[in-house]
$ cat query_30.tsv   # TSV, C-alpha atoms and all ligand atoms
chain	number	residue	atom	x	y	z
A	1	MET	CA	0.00	0.00	0.00
A	2	SER	CA	1.34	3.40	-0.86
A	3	GLN	CA	0.72	6.90	0.36
A	4	ASN	CA	-1.01	7.34	-3.01
A	5	ASP	CA	-3.86	4.99	-2.08
A	6	ALA	CA	-4.78	7.15	0.89
A	7	VAL	CA	-4.62	10.30	-1.22
A	8	GLN	CA	-6.95	8.83	-3.86
A	9	ARG	CA	-9.28	7.50	-1.20
A	10	GLY	CA	-9.43	10.89	0.50
A	11	TYR	CA	-8.66	9.57	3.97
A	12	GLN	CA	-6.14	7.51	5.86
A	13	ARG	CA	-7.35	4.51	7.79
A	14	ILE	CA	-6.25	4.65	11.42
A	15	ALA	CA	-6.94	1.57	13.53
A	16	THR	CA	-7.22	2.52	17.20
A	17	GLU	CA	-7.18	-0.66	19.35
A	18	GLU	CA	-4.31	-2.74	18.06
A	19	ALA	CA	-2.62	-5.11	20.50
A	20	TRP	CA	1.07	-5.75	21.03
A	21	ALA	CA	3.10	-7.70	23.57
A	22	THR	CA	6.71	-8.33	24.50
A	23	PRO	CA	8.30	-11.77	24.88
A	24	GLU	CA	8.99	-10.79	28.49
A	25	LEU	CA	5.32	-10.09	29.24
A	26	ILE	CA	4.20	-13.40	27.75
A	27	GLN	CA	6.89	-15.22	29.72
A	28	ARG	CA	5.75	-13.54	32.94
A	29	TYR	CA	2.17	-14.61	32.12
A	30	ARG	CA	3.44	-18.18	31.74
A	31	ASP	CA	5.17	-17.91	35.13
A	32	LEU	CA	1.93	-16.72	36.76
A	33	LEU	CA	0.02	-19.58	35.14
A	34	ALA	CA	2.56	-22.09	36.42
A	35	GLY	CA	2.27	-20.84	40.00
A	36	THR	CA	-0.61	-21.06	42.44
A	37	GLU	CA	-0.48	-17.67	44.17
A	38	PHE	CA	-2.40	-15.81	41.44
A	39	ASP	CA	-5.69	-17.64	41.27
A	40	ASP	CA	-7.77	-15.86	38.63
A	41	PRO	CA	-9.95	-18.10	36.41
A	42	GLY	CA	-10.41	-15.39	33.77
A	43	PHE	CA	-6.68	-14.92	33.34
A	44	ARG	CA	-6.19	-18.70	33.30
A	45	ASN	CA	-8.77	-19.28	30.61
A	46	LEU	CA	-7.47	-16.41	28.43
A	47	TRP	CA	-3.70	-16.64	28.74
A	48	GLY	CA	-3.61	-20.33	29.58
A	49	PHE	CA	-4.82	-20.63	25.99
A	50	PHE	CA	-2.96	-17.85	24.15
A	51	ALA	CA	0.39	-18.28	25.96
A	52	THR	CA	0.62	-22.07	25.86
A	53	SER	CA	-1.72	-23.67	23.29
A	54	ASP	CA	-0.32	-25.27	20.11
A	55	THR	CA	-3.49	-24.61	18.10
A	56	PRO	CA	-3.06	-22.37	15.02
A	57	ARG	CA	-5.25	-19.69	16.63
A	58	ALA	CA	-2.84	-19.38	19.58
A	59	THR	CA	0.50	-19.85	17.79
A	60	ASP	CA	-0.48	-17.39	15.08
A	61	LEU	CA	-1.61	-14.89	17.72
A	62	ARG	CA	1.67	-15.24	19.59
A	63	ASP	CA	3.67	-14.59	16.41
A	64	ARG	CA	1.69	-11.63	15.23
A	65	ILE	CA	1.24	-9.86	18.55
A	66	GLN	CA	4.99	-9.67	19.20
A	67	ASP	CA	5.97	-8.44	15.76
A	68	LEU	CA	6.38	-4.68	15.52
A	69	ASP	CA	8.11	-4.51	12.16
A	70	GLU	CA	7.81	-6.37	8.84
A	71	ARG	CA	5.03	-8.81	9.59
A	72	ARG	CA	2.74	-6.30	11.26
A	73	LEU	CA	3.35	-3.69	8.57
A	74	ALA	CA	2.64	-6.28	5.87
A	75	ASP	CA	-0.61	-7.25	7.60
A	76	MET	CA	-1.58	-3.57	7.85
A	77	ASP	CA	-0.77	-3.11	4.16
A	78	ALA	CA	-2.82	-6.17	3.21
A	79	ALA	CA	-5.80	-4.80	5.11
A	80	GLY	CA	-5.32	-1.21	3.96
A	81	ILE	CA	-4.53	0.18	7.41
A	82	ASP	CA	-2.30	3.26	7.23
A	83	MET	CA	-1.67	3.70	10.94
A	84	ALA	CA	-2.12	1.61	14.09
A	85	LEU	CA	-2.55	2.86	17.64
A	86	LEU	CA	-0.76	0.24	19.73
A	87	LEU	CA	-2.01	-0.87	23.16
A	88	LEU	CA	-0.16	-3.35	25.34
A	89	THR	CA	-2.41	-6.40	25.29
A	90	ALA	CA	-4.92	-7.16	28.06
A	91	PRO	CA	-4.57	-7.52	31.00
A	92	GLY	CA	-1.28	-5.66	30.55
A	93	VAL	CA	0.70	-5.28	33.77
A	94	GLN	CA	-2.42	-5.32	35.94
A	95	VAL	CA	-1.98	-8.93	37.10
A	96	PHE	CA	1.39	-8.39	38.81
A	97	ASP	CA	2.22	-7.03	42.24
A	98	ALA	CA	2.62	-3.27	42.37
A	99	PRO	CA	6.42	-2.91	42.21
A	100	GLU	CA	6.78	-5.29	39.29
A	101	ALA	CA	3.80	-3.75	37.49
A	102	VAL	CA	5.19	-0.22	37.86
A	103	ALA	CA	8.61	-1.25	36.53
A	104	LEU	CA	7.15	-3.29	33.68
A	105	ALA	CA	4.87	-0.44	32.60
A	106	ARG	CA	7.88	1.87	32.37
A	107	SER	CA	10.11	-0.50	30.44
A	108	THR	CA	7.31	-1.49	28.04
A	109	ASN	CA	6.42	2.13	27.39
A	110	ASP	CA	10.08	2.85	26.60
A	111	LEU	CA	10.06	-0.03	24.10
A	112	LEU	CA	6.84	1.19	22.53
A	113	ALA	CA	8.28	4.67	22.11
A	114	ALA	CA	11.38	3.21	20.43
A	115	THR	CA	9.15	1.21	18.06
A	116	ILE	CA	7.20	4.33	17.13
A	117	ARG	CA	10.47	6.17	16.45
A	118	ARG	CA	11.33	3.43	13.93
A	119	HIS	CA	7.96	3.78	12.14
A	120	PRO	CA	6.62	7.22	13.01
A	121	THR	CA	4.12	7.36	10.16
A	122	ARG	CA	2.69	3.88	10.81
A	123	PHE	CA	2.49	3.61	14.61
A	124	ALA	CA	1.34	5.64	17.60
A	125	GLY	CA	0.69	4.26	21.05
A	126	LEU	CA	-0.97	4.43	24.44
A	127	ALA	CA	0.92	4.00	27.69
A	128	ALA	CA	0.54	0.93	29.87
A	129	VAL	CA	0.06	1.82	33.53
A	130	ALA	CA	-0.18	0.02	36.86
A	131	PRO	CA	-3.32	1.13	38.72
A	132	GLN	CA	-2.03	-1.00	41.63
A	133	ASP	CA	-0.01	2.13	42.51
A	134	PRO	CA	-2.26	5.04	41.49
A	135	ARG	CA	0.28	7.80	42.10
A	136	ALA	CA	2.96	5.98	40.12
A	137	ALA	CA	0.39	5.39	37.36
A	138	ALA	CA	-0.40	9.11	37.24
A	139	ARG	CA	3.31	9.95	37.04
A	140	GLU	CA	3.82	7.36	34.30
A	141	ILE	CA	1.03	8.84	32.19
A	142	GLU	CA	2.71	12.22	32.50
A	143	ARG	CA	6.15	10.80	31.59
A	144	ALA	CA	4.75	8.76	28.71
A	145	VAL	CA	2.89	11.72	27.20
A	146	ARG	CA	5.43	14.48	27.86
A	147	GLN	CA	8.68	12.60	27.31
A	148	LEU	CA	7.80	9.57	25.16
A	149	GLY	CA	5.14	11.12	22.93
A	150	LEU	CA	2.48	8.51	23.74
A	151	LYS	CA	-1.11	9.64	23.28
A	152	GLY	CA	-2.90	8.65	26.48
A	153	ALA	CA	-3.12	5.46	28.54
A	154	VAL	CA	-4.82	2.10	28.35
A	155	ILE	CA	-6.28	0.44	31.42
A	156	ASN	CA	-7.58	-3.09	30.99
A	157	SER	CA	-10.69	-2.61	33.09
A	158	HIS	CA	-10.61	-4.04	36.61
A	159	THR	CA	-7.30	-4.48	38.41
A	160	GLN	CA	-7.43	-7.67	40.46
A	161	GLY	CA	-11.12	-7.09	41.12
A	162	GLU	CA	-10.89	-3.35	41.81
A	163	TYR	CA	-12.64	-0.70	39.73
A	164	LEU	CA	-11.58	2.85	38.93
A	165	ASP	CA	-14.68	4.41	40.51
A	166	ASP	CA	-12.87	3.93	43.85
A	167	GLU	CA	-11.51	7.38	44.70
A	168	LYS	CA	-8.13	5.91	45.55
A	169	PHE	CA	-7.54	5.69	41.77
A	170	TRP	CA	-8.54	9.25	40.93
A	171	ASP	CA	-5.00	10.63	40.66
A	172	ILE	CA	-5.00	8.76	37.34
A	173	PHE	CA	-8.03	10.71	36.10
A	174	ALA	CA	-6.62	13.99	37.40
A	175	ALA	CA	-3.42	13.39	35.39
A	176	ALA	CA	-5.27	12.47	32.20
A	177	GLU	CA	-7.56	15.47	32.48
A	178	ALA	CA	-4.66	17.86	33.17
A	179	LEU	CA	-2.68	16.50	30.20
A	180	ASP	CA	-5.82	16.49	28.03
A	181	VAL	CA	-5.31	12.86	26.96
A	182	PRO	CA	-7.87	10.04	26.97
A	183	ILE	CA	-7.90	6.82	28.97
A	184	TYR	CA	-8.82	3.79	26.88
A	185	ILE	CA	-10.70	1.31	29.09
A	186	HIS	CA	-9.99	-1.93	27.30
A	187	PRO	CA	-11.75	-5.15	28.32
A	188	ASN	CA	-10.50	-7.66	30.82
A	189	SER	CA	-12.07	-10.98	31.77
A	190	PRO	CA	-14.58	-10.77	34.61
A	191	PRO	CA	-12.91	-10.97	38.03
A	192	PRO	CA	-13.37	-14.02	40.29
A	193	ALA	CA	-16.46	-12.52	41.95
A	194	MET	CA	-18.24	-12.26	38.58
A	195	ILE	CA	-16.90	-14.98	36.34
A	196	GLN	CA	-18.31	-18.31	37.57
A	197	PRO	CA	-21.51	-18.52	35.46
A	198	PHE	CA	-19.56	-17.55	32.31
A	199	LEU	CA	-17.02	-20.36	32.57
A	200	PRO	CA	-18.82	-23.65	31.80
A	201	ARG	CA	-19.47	-22.59	28.19
A	202	CYS	CA	-16.41	-20.43	27.61
A	203	LEU	CA	-18.41	-17.19	27.50
A	204	ASP	CA	-16.04	-15.22	29.74
A	205	ALA	CA	-13.78	-13.50	27.20
A	206	ALA	CA	-14.25	-11.64	23.91
A	207	ILE	CA	-17.41	-13.51	22.96
A	208	PHE	CA	-19.44	-11.74	25.70
A	209	GLY	CA	-17.83	-11.65	29.17
A	210	PHE	CA	-15.49	-8.78	28.23
A	211	ALA	CA	-18.46	-6.59	27.30
A	212	CYS	CA	-20.38	-7.38	30.52
A	213	GLU	CA	-17.35	-6.59	32.64
A	214	THR	CA	-16.19	-3.47	30.82
A	215	GLY	CA	-19.68	-2.06	30.29
A	216	LEU	CA	-20.19	-2.47	34.04
A	217	HIS	CA	-16.92	-0.61	34.66
A	218	ALA	CA	-18.03	2.35	32.54
A	219	LEU	CA	-21.38	2.52	34.35
A	220	ARG	CA	-19.67	2.37	37.74
A	221	LEU	CA	-17.58	5.37	36.72
A	222	ILE	CA	-20.62	7.36	35.62
A	223	VAL	CA	-22.75	6.60	38.66
A	224	SER	CA	-19.83	7.34	41.02
A	225	GLY	CA	-19.80	10.97	39.86
A	226	VAL	CA	-16.28	10.81	38.44
A	227	PHE	CA	-17.32	13.02	35.49
A	228	ASP	CA	-18.81	15.66	37.78
A	229	ARG	CA	-15.43	15.80	39.51
A	230	PHE	CA	-13.41	15.64	36.22
A	231	PRO	CA	-15.77	17.15	33.62
A	232	LYS	CA	-13.20	17.22	30.83
A	233	LEU	CA	-12.05	13.62	31.30
A	234	GLN	CA	-12.44	11.53	28.13
A	235	ILE	CA	-12.73	7.72	28.18
A	236	VAL	CA	-12.46	5.55	25.08
A	237	LEU	CA	-14.40	2.28	24.92
A	238	GLY	CA	-13.88	-0.38	22.27
A	239	HIS	CA	-16.38	-2.83	20.84
A	240	LEU	CA	-18.84	-0.01	20.11
A	241	GLY	CA	-19.17	0.87	23.77
A	242	GLU	CA	-19.51	-2.66	25.14
A	243	GLY	CA	-23.28	-2.62	24.51
A	244	LEU	CA	-24.05	0.56	26.46
A	245	PRO	CA	-25.31	2.69	23.54
A	246	PHE	CA	-28.18	0.21	23.15
A	247	TRP	CA	-29.19	0.77	26.79
A	248	LEU	CA	-29.28	4.58	27.05
A	249	SER	CA	-32.96	5.11	27.64
A	250	ARG	CA	-33.38	2.32	30.20
A	251	ILE	CA	-30.26	3.32	32.12
A	252	ASP	CA	-31.49	6.94	32.37
A	253	PHE	CA	-34.96	5.83	33.50
A	254	MET	CA	-33.71	3.36	36.11
A	255	HIS	CA	-30.94	5.59	37.42
A	256	ALA	CA	-33.41	8.44	38.00
A	257	GLY	CA	-35.66	6.08	39.99
A	258	ILE	CA	-32.80	4.73	42.07
A	259	VAL	CA	-31.61	8.24	42.94
A	260	ARG	CA	-35.12	9.56	43.66
A	261	SER	CA	-35.81	6.71	46.08
A	262	ASN	CA	-32.34	7.04	47.64
A	263	ARG	CA	-31.82	3.30	47.29
A	264	SER	CA	-28.06	3.32	47.75
A	265	PRO	CA	-25.35	5.54	49.19
A	266	GLY	CA	-23.35	4.56	46.10
A	267	ALA	CA	-25.92	6.04	43.69
A	268	GLN	CA	-26.25	9.71	44.57
A	269	PRO	CA	-27.63	12.50	42.35
A	270	LEU	CA	-25.51	13.50	39.36
A	271	ARG	CA	-25.38	16.81	37.50
A	272	LYS	CA	-26.50	15.13	34.28
A	273	LYS	CA	-28.22	12.00	33.01
A	274	PRO	CA	-26.04	8.89	32.54
A	275	SER	CA	-26.60	9.15	28.77
A	276	ASP	CA	-25.25	12.73	28.81
A	277	TYR	CA	-21.92	11.50	30.17
A	278	LEU	CA	-21.90	8.66	27.65
A	279	ARG	CA	-22.27	11.29	24.91
A	280	GLU	CA	-19.90	13.92	26.30
A	281	ASN	CA	-17.14	11.99	28.12
A	282	PHE	CA	-16.76	8.86	25.99
A	283	TYR	CA	-15.48	7.93	22.55
A	284	TYR	CA	-16.28	4.62	20.86
A	285	THR	CA	-14.23	2.40	18.61
A	286	THR	CA	-15.51	-0.36	16.36
A	287	SER	CA	-12.95	-3.00	17.40
A	288	GLY	CA	-14.26	-6.42	16.48
A	289	MET	CA	-17.72	-5.00	15.69
A	290	ALA	CA	-17.47	-4.05	12.02
A	291	TRP	CA	-21.15	-4.65	11.35
A	292	GLU	CA	-22.99	-1.87	9.56
A	293	PRO	CA	-26.27	-1.87	11.57
A	294	SER	CA	-24.41	-1.59	14.89
A	295	VAL	CA	-21.90	0.98	13.67
A	296	THR	CA	-24.63	3.14	12.16
A	297	PHE	CA	-26.73	2.94	15.34
A	298	VAL	CA	-23.84	4.03	17.54
A	299	GLN	CA	-22.95	6.88	15.17
A	300	GLN	CA	-26.57	8.07	15.25
A	301	GLN	CA	-26.95	7.84	19.02
A	302	MET	CA	-23.51	8.92	20.27
A	303	GLY	CA	-22.53	11.38	17.54
A	304	ILE	CA	-20.59	11.02	14.31
A	305	GLU	CA	-17.61	12.74	15.94
A	306	ARG	CA	-17.43	10.11	18.71
A	307	VAL	CA	-17.05	6.87	16.73
A	308	MET	CA	-13.68	5.69	15.38
A	309	TYR	CA	-12.44	2.71	13.45
A	310	ALA	CA	-10.44	-0.06	15.19
A	311	MET	CA	-9.63	-3.58	14.04
A	312	ASP	CA	-8.45	-5.31	17.24
A	313	TYR	CA	-5.44	-6.83	15.50
A	314	PRO	CA	-4.30	-9.55	15.90
A	315	TYR	CA	-7.24	-10.98	17.84
A	316	GLN	CA	-9.70	-10.19	15.09
A	317	TYR	CA	-7.58	-9.72	11.98
A	318	VAL	CA	-10.19	-9.55	9.22
A	319	PRO	CA	-8.63	-7.67	6.28
A	320	GLU	CA	-11.93	-7.61	4.35
A	321	GLU	CA	-13.77	-5.65	7.02
A	322	VAL	CA	-12.11	-2.48	5.79
A	323	THR	CA	-13.85	-2.85	2.43
A	324	GLN	CA	-17.18	-3.21	4.24
A	325	MET	CA	-16.57	-0.18	6.43
A	326	ASP	CA	-15.59	1.85	3.34
A	327	ARG	CA	-19.19	1.32	2.20
A	328	LEU	CA	-20.86	2.66	5.35
A	329	PRO	CA	-23.73	4.93	4.37
A	330	LEU	CA	-21.77	8.10	5.14
A	331	SER	CA	-20.84	11.26	3.30
A	332	PRO	CA	-17.17	11.51	2.27
A	333	GLU	CA	-16.66	13.98	5.11
A	334	HIS	CA	-18.17	11.63	7.72
A	335	LEU	CA	-16.25	8.63	6.39
A	336	LYS	CA	-13.04	10.57	6.83
A	337	MET	CA	-14.06	11.41	10.41
A	338	PHE	CA	-14.72	7.74	11.11
A	339	TYR	CA	-11.40	6.47	9.75
A	340	GLU	CA	-9.05	9.37	10.37
A	341	SER	CA	-10.03	12.78	11.74
A	342	ASN	CA	-11.78	11.69	14.94
A	343	ALA	CA	-8.73	9.63	15.91
A	344	ARG	CA	-6.42	12.55	15.06
A	345	THR	CA	-8.50	14.81	17.30
A	346	VAL	CA	-8.92	12.47	20.26
A	347	PHE	CA	-5.35	11.13	20.29
A	348	LYS	CA	-3.68	14.26	18.88
A	349	LEU	CA	-2.04	12.30	16.05
A	401	LIG	C1	-9.36	-11.26	22.77
A	401	LIG	C2	-10.06	-10.19	22.22
A	401	LIG	C3	-8.27	-10.99	23.59
A	401	LIG	C4	-9.69	-8.90	22.49
A	401	LIG	C5	-7.87	-9.68	23.82
A	401	LIG	O1	-6.85	-9.37	24.64
A	401	LIG	C6	-8.54	-8.62	23.22
A	401	LIG	C7	-9.78	-12.62	22.51
A	401	LIG	C8	-6.31	-10.37	25.46
A	401	LIG	O2	-10.21	-12.90	21.38
A	401	LIG	O3	-9.66	-13.46	23.39
A	401	LIG	O4	-8.04	-7.40	23.28
A	401	LIG	N1	-10.54	-7.86	22.06
A	401	LIG	O5	-10.31	-6.66	22.35
A	401	LIG	O6	-11.67	-8.17	21.56
A	402	MN	MN	-8.71	-5.53	22.11

$ encode --input "query_30.tsv" --output "structure tokens"
Amino acid sequence: MSQNDAVQRGYQRIATEEAWATPELIQRYRDLLAGTEFDDPGFRNLWGFFATSDTPRATDLRDRIQDLDERRLADMDAAGIDMALLLLTAPGVQVFDAPEAVALARSTNDLLAATIRRHPTRFAGLAAVAPQDPRAAAREIERAVRQLGLKGAVINSHTQGEYLDDEKFWDIFAAAEALDVPIYIHPNSPPPAMIQPFLPRCLDAAIFGFACETGLHALRLIVSGVFDRFPKLQIVLGHLGEGLPFWLSRIDFMHAGIVRSNRSPGAQPLRKKPSDYLRENFYYTTSGMAWEPSVTFVQQQMGIERVMYAMDYPYQYVPEEVTQMDRLPLSPEHLKMFYESNARTVFKL
């Protein structure tokens, strides 16, 4: 693919939720799986498969996710992707103890920055952080954005069962808001307290469990009042918002009733309706959901300026989906927003 293609097309295609991993991270996942001290069924089912299975799905994933040069660029070319926003794969460093997680976030972010320097027109990236140490995570976002040129941070939803609506994590939001960079809340498998009914039929990961867990996380943030405290904070959700856009009217109705009846100290009045925050403090990417009816619905409900393309490489590498998305019923101007300009605005590319 040449620069010419993008010029003729009228837009570049930027894919905004593209996974990468280091050999070291995958080895540390294998170590955790071999031990008994970290007993998390979601992690076991996900990385027990991807880190150790000999099936083509797993070996191919392992090859592709670690390549940051020829193979990845060739795959991007074959699919017609001009630029990829790289996110350290889920659950990132969030499964380790705090000191290791903090150190690993730093060294991985340094590596990511070096990769981007090798291919500055093809790659950009988000910082990995360790919410286990919220102040260190806030400092790492600042270092990654100011010194490494990364474009925000990715947090793979819950951290060992803890959610970011707990005020102990809010230094992270203060840093993102002050730097004017988004936090991408990427899925994680449901934590032990949530996962049991998903497991018997392998429904815990990308097929559905991710969306339940991550959609819940976004709602916890909204109901906690985090966006009244940090009104400029911007969160990015993949997978077309993990189902939430479909729920707007019911969530508003039920939340108003819960607040009016004072049913819980954890659900106090907010300045706006839940759907207002979902429209004003969130962006949505299409990762793994390149299906015209869903994409069109989310664009209509959340705003054409809030929906961006993502592929979710290498987990859902479907080169043909780009051709389908090129045919979305959009004006040339809106198609360019979808593939390119919204991402440039949100991530300052
Ligand atoms: C899967 C899918 C795994 C996504 C991921 O990270 C991931 C999967 C571990 O297929 O198991 O990022 N995804 O975003 O849909
Ligand atoms: Mn993903």

$ residues_around --input "query_30.tsv" --residues "Ala15 of chain A" --least-positions-apart "2" --cutoff "6 Å" --atoms "all atoms listed in the file" --output "list in words"
Ala84, Tyr309, Ala310 and Met311 of chain A

$ atom_distance --input "query_30.tsv" --atom1 "atom CA of Gln160 of chain A" --atom2 "atom CA of Thr214 of chain A"
13.7 Å

$ residues_around --input "query_30.tsv" --residues "segment 42-44 of chain A" --least-positions-apart "6" --cutoff "9 Å" --atoms "all atoms listed in the file" --output "PyMOL selection string"
chain A and resi 29+33+91+95+188-192+195+199+204-205

$ residues_near_ligand --input "query_30.tsv" --ligand "ligand MN 402 (chain A)" --cutoff "12 Å" --atoms "all atoms listed in the file" --output "PDB file with C-alpha atoms, in the coordinates of the input"
ATOM      1  CA  ALA A  15      -6.940   1.570  13.530  1.00  0.00           C
ATOM      2  CA  THR A  16      -7.220   2.520  17.200  1.00  0.00           C
ATOM      3  CA  GLU A  17      -7.180  -0.660  19.350  1.00  0.00           C
ATOM      4  CA  GLU A  18      -4.310  -2.740  18.060  1.00  0.00           C
ATOM      5  CA  ALA A  19      -2.620  -5.110  20.500  1.00  0.00           C
ATOM      6  CA  TRP A  20       1.070  -5.750  21.030  1.00  0.00           C
ATOM      7  CA  ILE A  65       1.240  -9.860  18.550  1.00  0.00           C
ATOM      8  CA  LEU A  85      -2.550   2.860  17.640  1.00  0.00           C
ATOM      9  CA  LEU A  86      -0.760   0.240  19.730  1.00  0.00           C
ATOM     10  CA  LEU A  87      -2.010  -0.870  23.160  1.00  0.00           C
ATOM     11  CA  LEU A  88      -0.160  -3.350  25.340  1.00  0.00           C
ATOM     12  CA  THR A  89      -2.410  -6.400  25.290  1.00  0.00           C
ATOM     13  CA  ALA A  90      -4.920  -7.160  28.060  1.00  0.00           C
ATOM     14  CA  PRO A  91      -4.570  -7.520  31.000  1.00  0.00           C
ATOM     15  CA  GLY A  92      -1.280  -5.660  30.550  1.00  0.00           C
ATOM     16  CA  VAL A 154      -4.820   2.100  28.350  1.00  0.00           C
ATOM     17  CA  ILE A 155      -6.280   0.440  31.420  1.00  0.00           C
ATOM     18  CA  ASN A 156      -7.580  -3.090  30.990  1.00  0.00           C
ATOM     19  CA  SER A 157     -10.690  -2.610  33.090  1.00  0.00           C
ATOM     20  CA  TYR A 184      -8.820   3.790  26.880  1.00  0.00           C
ATOM     21  CA  ILE A 185     -10.700   1.310  29.090  1.00  0.00           C
ATOM     22  CA  HIS A 186      -9.990  -1.930  27.300  1.00  0.00           C
ATOM     23  CA  PRO A 187     -11.750  -5.150  28.320  1.00  0.00           C
ATOM     24  CA  ASN A 188     -10.500  -7.660  30.820  1.00  0.00           C
ATOM     25  CA  SER A 189     -12.070 -10.980  31.770  1.00  0.00           C
ATOM     26  CA  ALA A 205     -13.780 -13.500  27.200  1.00  0.00           C
ATOM     27  CA  ALA A 206     -14.250 -11.640  23.910  1.00  0.00           C
ATOM     28  CA  ILE A 207     -17.410 -13.510  22.960  1.00  0.00           C
ATOM     29  CA  PHE A 210     -15.490  -8.780  28.230  1.00  0.00           C
ATOM     30  CA  ALA A 211     -18.460  -6.590  27.300  1.00  0.00           C
ATOM     31  CA  THR A 214     -16.190  -3.470  30.820  1.00  0.00           C
ATOM     32  CA  LEU A 237     -14.400   2.280  24.920  1.00  0.00           C
ATOM     33  CA  GLY A 238     -13.880  -0.380  22.270  1.00  0.00           C
ATOM     34  CA  HIS A 239     -16.380  -2.830  20.840  1.00  0.00           C
ATOM     35  CA  LEU A 240     -18.840  -0.010  20.110  1.00  0.00           C
ATOM     36  CA  GLU A 242     -19.510  -2.660  25.140  1.00  0.00           C
ATOM     37  CA  THR A 285     -14.230   2.400  18.610  1.00  0.00           C
ATOM     38  CA  THR A 286     -15.510  -0.360  16.360  1.00  0.00           C
ATOM     39  CA  SER A 287     -12.950  -3.000  17.400  1.00  0.00           C
ATOM     40  CA  GLY A 288     -14.260  -6.420  16.480  1.00  0.00           C
ATOM     41  CA  MET A 289     -17.720  -5.000  15.690  1.00  0.00           C
ATOM     42  CA  ALA A 310     -10.440  -0.060  15.190  1.00  0.00           C
ATOM     43  CA  MET A 311      -9.630  -3.580  14.040  1.00  0.00           C
ATOM     44  CA  ASP A 312      -8.450  -5.310  17.240  1.00  0.00           C
ATOM     45  CA  TYR A 313      -5.440  -6.830  15.500  1.00  0.00           C
ATOM     46  CA  PRO A 314      -4.300  -9.550  15.900  1.00  0.00           C
ATOM     47  CA  TYR A 315      -7.240 -10.980  17.840  1.00  0.00           C
ATOM     48  CA  GLN A 316      -9.700 -10.190  15.090  1.00  0.00           C
ATOM     49  CA  TYR A 317      -7.580  -9.720  11.980  1.00  0.00           C
TER      50      TYR A 317
END

$ closest_residue --input "query_30.tsv" --among "A:Gly149, A:Ile141, A:Ala124, A:Phe208" --to "ligand LIG 401 (chain A)" --atoms "all atoms listed in the file"
A:Phe208

$ residues_near_point --input "query_30.tsv" --point "(-1.8, 11.0, 38.2)" --cutoff "6 Å" --atoms "only C-alpha atoms" --output "ChimeraX atom specification"
/A:135,138-139,171-172,174-175

$ atom_distance --input "query_30.tsv" --atom1 "atom CA of Gln94 of chain A" --atom2 "atom CA of Leu32 of chain A"
12.2 Å

$ closest_residue --input "query_30.tsv" --among "A:Ser53, A:Ser224, A:Gln66, A:Ser331" --to "Leu25 of chain A" --atoms "all atoms listed in the file"
A:Gln66

$ atom_distance --input "query_30.tsv" --atom1 "atom CA of Arg260 of chain A" --atom2 "atom CA of Leu248 of chain A"
18.3 Å

$ axis_aligned_box --input "query_30.tsv" --around "ligand LIG 401 (chain A)" --padding-each-side "8 Å" --output "JSON"
{"center_x": -9.0, "center_y": -10.1, "center_z": 23.4, "size_x": 21.4, "size_y": 22.8, "size_z": 20.1}

$ decode --input "query_30.tsv" --residues "segment 230-237 of chain A" --atoms "N, CA, C and O atoms" --output "PDB file, in the first residue's frame"
ATOM      1  N   PHE A 230     -14.367  15.401  37.316  1.00  0.00           N
ATOM      2  CA  PHE A 230     -13.408  15.642  36.215  1.00  0.00           C
ATOM      3  C   PHE A 230     -14.195  15.835  34.913  1.00  0.00           C
ATOM      4  O   PHE A 230     -14.223  14.951  34.051  1.00  0.00           O
ATOM      5  N   PRO A 231     -14.823  16.999  34.756  1.00  0.00           N
ATOM      6  CA  PRO A 231     -15.767  17.155  33.624  1.00  0.00           C
ATOM      7  C   PRO A 231     -15.120  17.061  32.255  1.00  0.00           C
ATOM      8  O   PRO A 231     -15.800  16.759  31.275  1.00  0.00           O
ATOM      9  N   LYS A 232     -13.832  17.284  32.162  1.00  0.00           N
ATOM     10  CA  LYS A 232     -13.199  17.223  30.834  1.00  0.00           C
ATOM     11  C   LYS A 232     -12.598  15.854  30.517  1.00  0.00           C
ATOM     12  O   LYS A 232     -12.105  15.623  29.407  1.00  0.00           O
ATOM     13  N   LEU A 233     -12.622  14.954  31.503  1.00  0.00           N
ATOM     14  CA  LEU A 233     -12.048  13.618  31.301  1.00  0.00           C
ATOM     15  C   LEU A 233     -12.720  12.905  30.129  1.00  0.00           C
ATOM     16  O   LEU A 233     -13.942  12.917  30.008  1.00  0.00           O
ATOM     17  N   GLN A 234     -11.915  12.280  29.273  1.00  0.00           N
ATOM     18  CA  GLN A 234     -12.442  11.531  28.134  1.00  0.00           C
ATOM     19  C   GLN A 234     -11.991  10.074  28.215  1.00  0.00           C
ATOM     20  O   GLN A 234     -10.805   9.790  28.358  1.00  0.00           O
ATOM     21  N   ILE A 235     -12.968   9.168  28.128  1.00  0.00           N
ATOM     22  CA  ILE A 235     -12.728   7.725  28.182  1.00  0.00           C
ATOM     23  C   ILE A 235     -13.026   7.156  26.789  1.00  0.00           C
ATOM     24  O   ILE A 235     -14.013   7.548  26.163  1.00  0.00           O
ATOM     25  N   VAL A 236     -12.190   6.239  26.345  1.00  0.00           N
ATOM     26  CA  VAL A 236     -12.458   5.548  25.084  1.00  0.00           C
ATOM     27  C   VAL A 236     -12.878   4.118  25.408  1.00  0.00           C
ATOM     28  O   VAL A 236     -12.234   3.456  26.223  1.00  0.00           O
ATOM     29  N   LEU A 237     -13.962   3.673  24.795  1.00  0.00           N
ATOM     30  CA  LEU A 237     -14.396   2.282  24.917  1.00  0.00           C
ATOM     31  C   LEU A 237     -14.314   1.626  23.551  1.00  0.00           C
ATOM     32  O   LEU A 237     -14.654   2.239  22.534  1.00  0.00           O
TER      33      LEU A 237
END
